[in-house]
Each structure stands twice: as C-alpha cells, then as structure tokens.
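Each remark here refers to the structure printed beneath this line.
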Amino acid sequence: MLQQVRMPHIRFETEVKETRDEDGHIMRKNVYFAHVTPAGGKDVVVKDAEQWLLELKEKAMVRGAFDQAAAEYEQWHAKVKAAFEQYKAGEEMTTEGTPLRASLAFTKAEIAQAESVKIFSIEDLAEANEEAISRMGMGGRGLKIKAQKLLETKGDVAQENAALRQKISDLEAKMERMLADGFKEPAKRGRKPKEVEAA
C-alpha cells in the first residue's frame, strides 16, 4: 500500500526588489518566496511563491484525470493559494490538520521536538516516516505512536460529545415543555435577609 504524500510545511517570506524606471527613479515592489520543506524532511527548497502556484495549477491541468497526482496537485494548489493569501493579508497561517499546540496530550518539549523537523499537526506526526523519526531523536517513535492512538480515539470522543450534546438538547426541550405547562421552579430555601431597622 502506497503511503499518501503529506502536504509539505510552507513558510512565506517577503523581499523588497528595487528597480529603476526610464527616468532613473527607484521603484520598489514586494517579491514573495515560499520555503518548502517536506513533512518530516530537512531539505528546504525556496521558490518564487507566485510562480510555484502557477506550476502547481499547470501540473493539475496537464496530467490526465487517470493520474492520481493530478488531484493531489489540485488540492495542493488550493491550500497553498489560501495560505499565501492569508500571509499577504497579514494573518497567521493555519496548520493543515489538528495543530499539535492545540492538543493537551503533548508537552511543550514534545511539541518542540516534532516542530524541529517541520511537523506541526497530529496527522503529520502519525504519518511520520523513518527519516523524520530518526531526526526527532530519542522518543521520536513514541511520539508517532502517541499521535496514532490519539487519532484512533478521536472518533470515539467525537461520538461521545455528540451523544452528550443530544442529551443536553433533550433536557432543555423537556424543561421548556414543563415551564410551558405551568411548572414553577421550587422557591430557594434559606434565611430571609434581615430588614434594616429605622433609626
């Protein structure tokens, strides 16, 4: 069974490029670069962000519909484009999958260990290859197993939460019916407040 290729980690940077017009006036414009690192990999490839987006779009269109990579490039293009627009708008880029930092299951040290090899989500950690595990160092395989177990139980927790929400909704509806039928909440017991005597 072929392992699905995970979305790489992408970090955008802006550089100011200076040019001169015909009259010698300096003109400046922003040039955007994408620093691309495969999930769990160490090699960083720097690409012109706008050019790379065009390449991804072309790869999705040129390859035939029978080629599974075409659909993958199409998804990558959509995700990279959205992340790039977020970056240009000054927003923080979102993480693909469930961010490790949003999970209470990992300590700060474990999160730092995974992030050191450009793994930022539980899903990417669960799919970490041997190179990534090796580069994480001592305990890397344990982190992968922990992420896999979290994903296995995630479905169970979601079902439990849905059942609890339904119970709460049923109880609220029951209370509304009871109040509509004239049910009055019992008076609270306790001491009556002391009356202030007139001076």
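For the structure tokens, the naming scheme is as follows: chains receive sequential letters (A, B, ...) according to their order of presentation, residues are indexed from 1 within each chain, and ligands are indexed from 1 in presentation order.
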
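Excluding Lys17 in chain A and any residue on its chain fewer than 4 positions from it, the residues at most 9 Å away by only C-alpha atoms are Met27, Arg28, Lys29, Asn30 and Val31 of chain A.
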
Using DSSP assignments from the backbone, pull out every residue in range 34-119 of chain A that falls under strand (DSSP E or B) and give it to me as a PDB file with N, CA and C atoms, in the first residue's frame.
```
ATOM      1  N   ALA A  34       8.411  31.186  -1.222  1.00  0.00           N
ATOM      2  CA  ALA A  34       7.884  30.080  -0.428  1.00  0.00           C
ATOM      3  C   ALA A  34       9.047  29.167  -0.067  1.00  0.00           C
ATOM      4  N   HIS A  35       9.243  28.940   1.227  1.00  0.00           N
ATOM      5  CA  HIS A  35      10.259  27.996   1.709  1.00  0.00           C
ATOM      6  C   HIS A  35       9.527  26.675   1.958  1.00  0.00           C
ATOM      7  N   VAL A  36       9.797  25.694   1.126  1.00  0.00           N
ATOM      8  CA  VAL A  36       9.043  24.439   1.142  1.00  0.00           C
ATOM      9  C   VAL A  36       9.891  23.324   1.735  1.00  0.00           C
ATOM     10  N   THR A  37       9.357  22.669   2.783  1.00  0.00           N
ATOM     11  CA  THR A  37      10.044  21.555   3.435  1.00  0.00           C
ATOM     12  C   THR A  37       9.075  20.376   3.510  1.00  0.00           C
ATOM     13  N   VAL A  45      13.446  23.921   0.024  1.00  0.00           N
ATOM     14  CA  VAL A  45      13.531  24.438  -1.346  1.00  0.00           C
ATOM     15  C   VAL A  45      12.849  25.799  -1.356  1.00  0.00           C
ATOM     16  N   VAL A  46      13.553  26.814  -1.858  1.00  0.00           N
ATOM     17  CA  VAL A  46      12.989  28.169  -1.912  1.00  0.00           C
ATOM     18  C   VAL A  46      12.494  28.425  -3.329  1.00  0.00           C
ATOM     19  N   LYS A  47      11.222  28.806  -3.414  1.00  0.00           N
ATOM     20  CA  LYS A  47      10.606  29.040  -4.725  1.00  0.00           C
ATOM     21  C   LYS A  47       9.940  30.410  -4.746  1.00  0.00           C
ATOM     22  N   ASP A  48       9.856  31.000  -5.922  1.00  0.00           N
ATOM     23  CA  ASP A  48       9.063  32.203  -6.099  1.00  0.00           C
ATOM     24  C   ASP A  48       7.611  31.775  -5.872  1.00  0.00           C
ATOM     25  N   PRO A  99      -3.556  21.012  14.935  1.00  0.00           N
ATOM     26  CA  PRO A  99      -2.261  21.513  15.417  1.00  0.00           C
ATOM     27  C   PRO A  99      -1.826  20.813  16.704  1.00  0.00           C
TER      28      PRO A  99
END
```

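Counting from CA of Ile119 in chain A, the distance to CA of Glu131 in chain A is 12.2 Å.
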
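Interatomic distance, CA of Gly97 in chain A against CA of Ser121 in chain A: 5.6 Å.
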
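The environment of Ala147 in chain A within 7 Å, counting only C-alpha atoms and disregarding residues fewer than 5 places along the same chain, consists of Ile122, Leu125 and Ala126 of chain A.
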
Would you please give, as a PyMOL selection string, all residues of range 107-176 of chain A that DSSP assigns to alpha helix (DSSP H) based on the backbone?
chain A and resi 108-115+122-126+130-136+140-176

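Nearest to Pro38 in chain A of all the residues A:His9, A:Lys79, A:Lys149, A:Arg101 is A:His9, based on only C-alpha atoms.
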
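The shortest atom-to-atom distance to Glu74 in chain A, with only C-alpha atoms taken into account, belongs to A:Leu54 out of A:Leu143, A:Ala105, A:Ala89, A:Leu54.
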
Tell me which protein, DNA and RNA residues are within 10 Å of Lys118 in chain A, counting only C-alpha atoms, leaving out same-chain ones fewer than 4 positions away, and put them as a VMD selection string.
chain A and resid 8 to 10 37 to 42 112 to 114 124 to 125 132

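Between Glu85 in chain A and the candidates A:Glu72, A:Glu176, A:Glu50, A:Asp43, the tightest atom-to-atom separation, counting only C-alpha atoms, involves A:Glu50.
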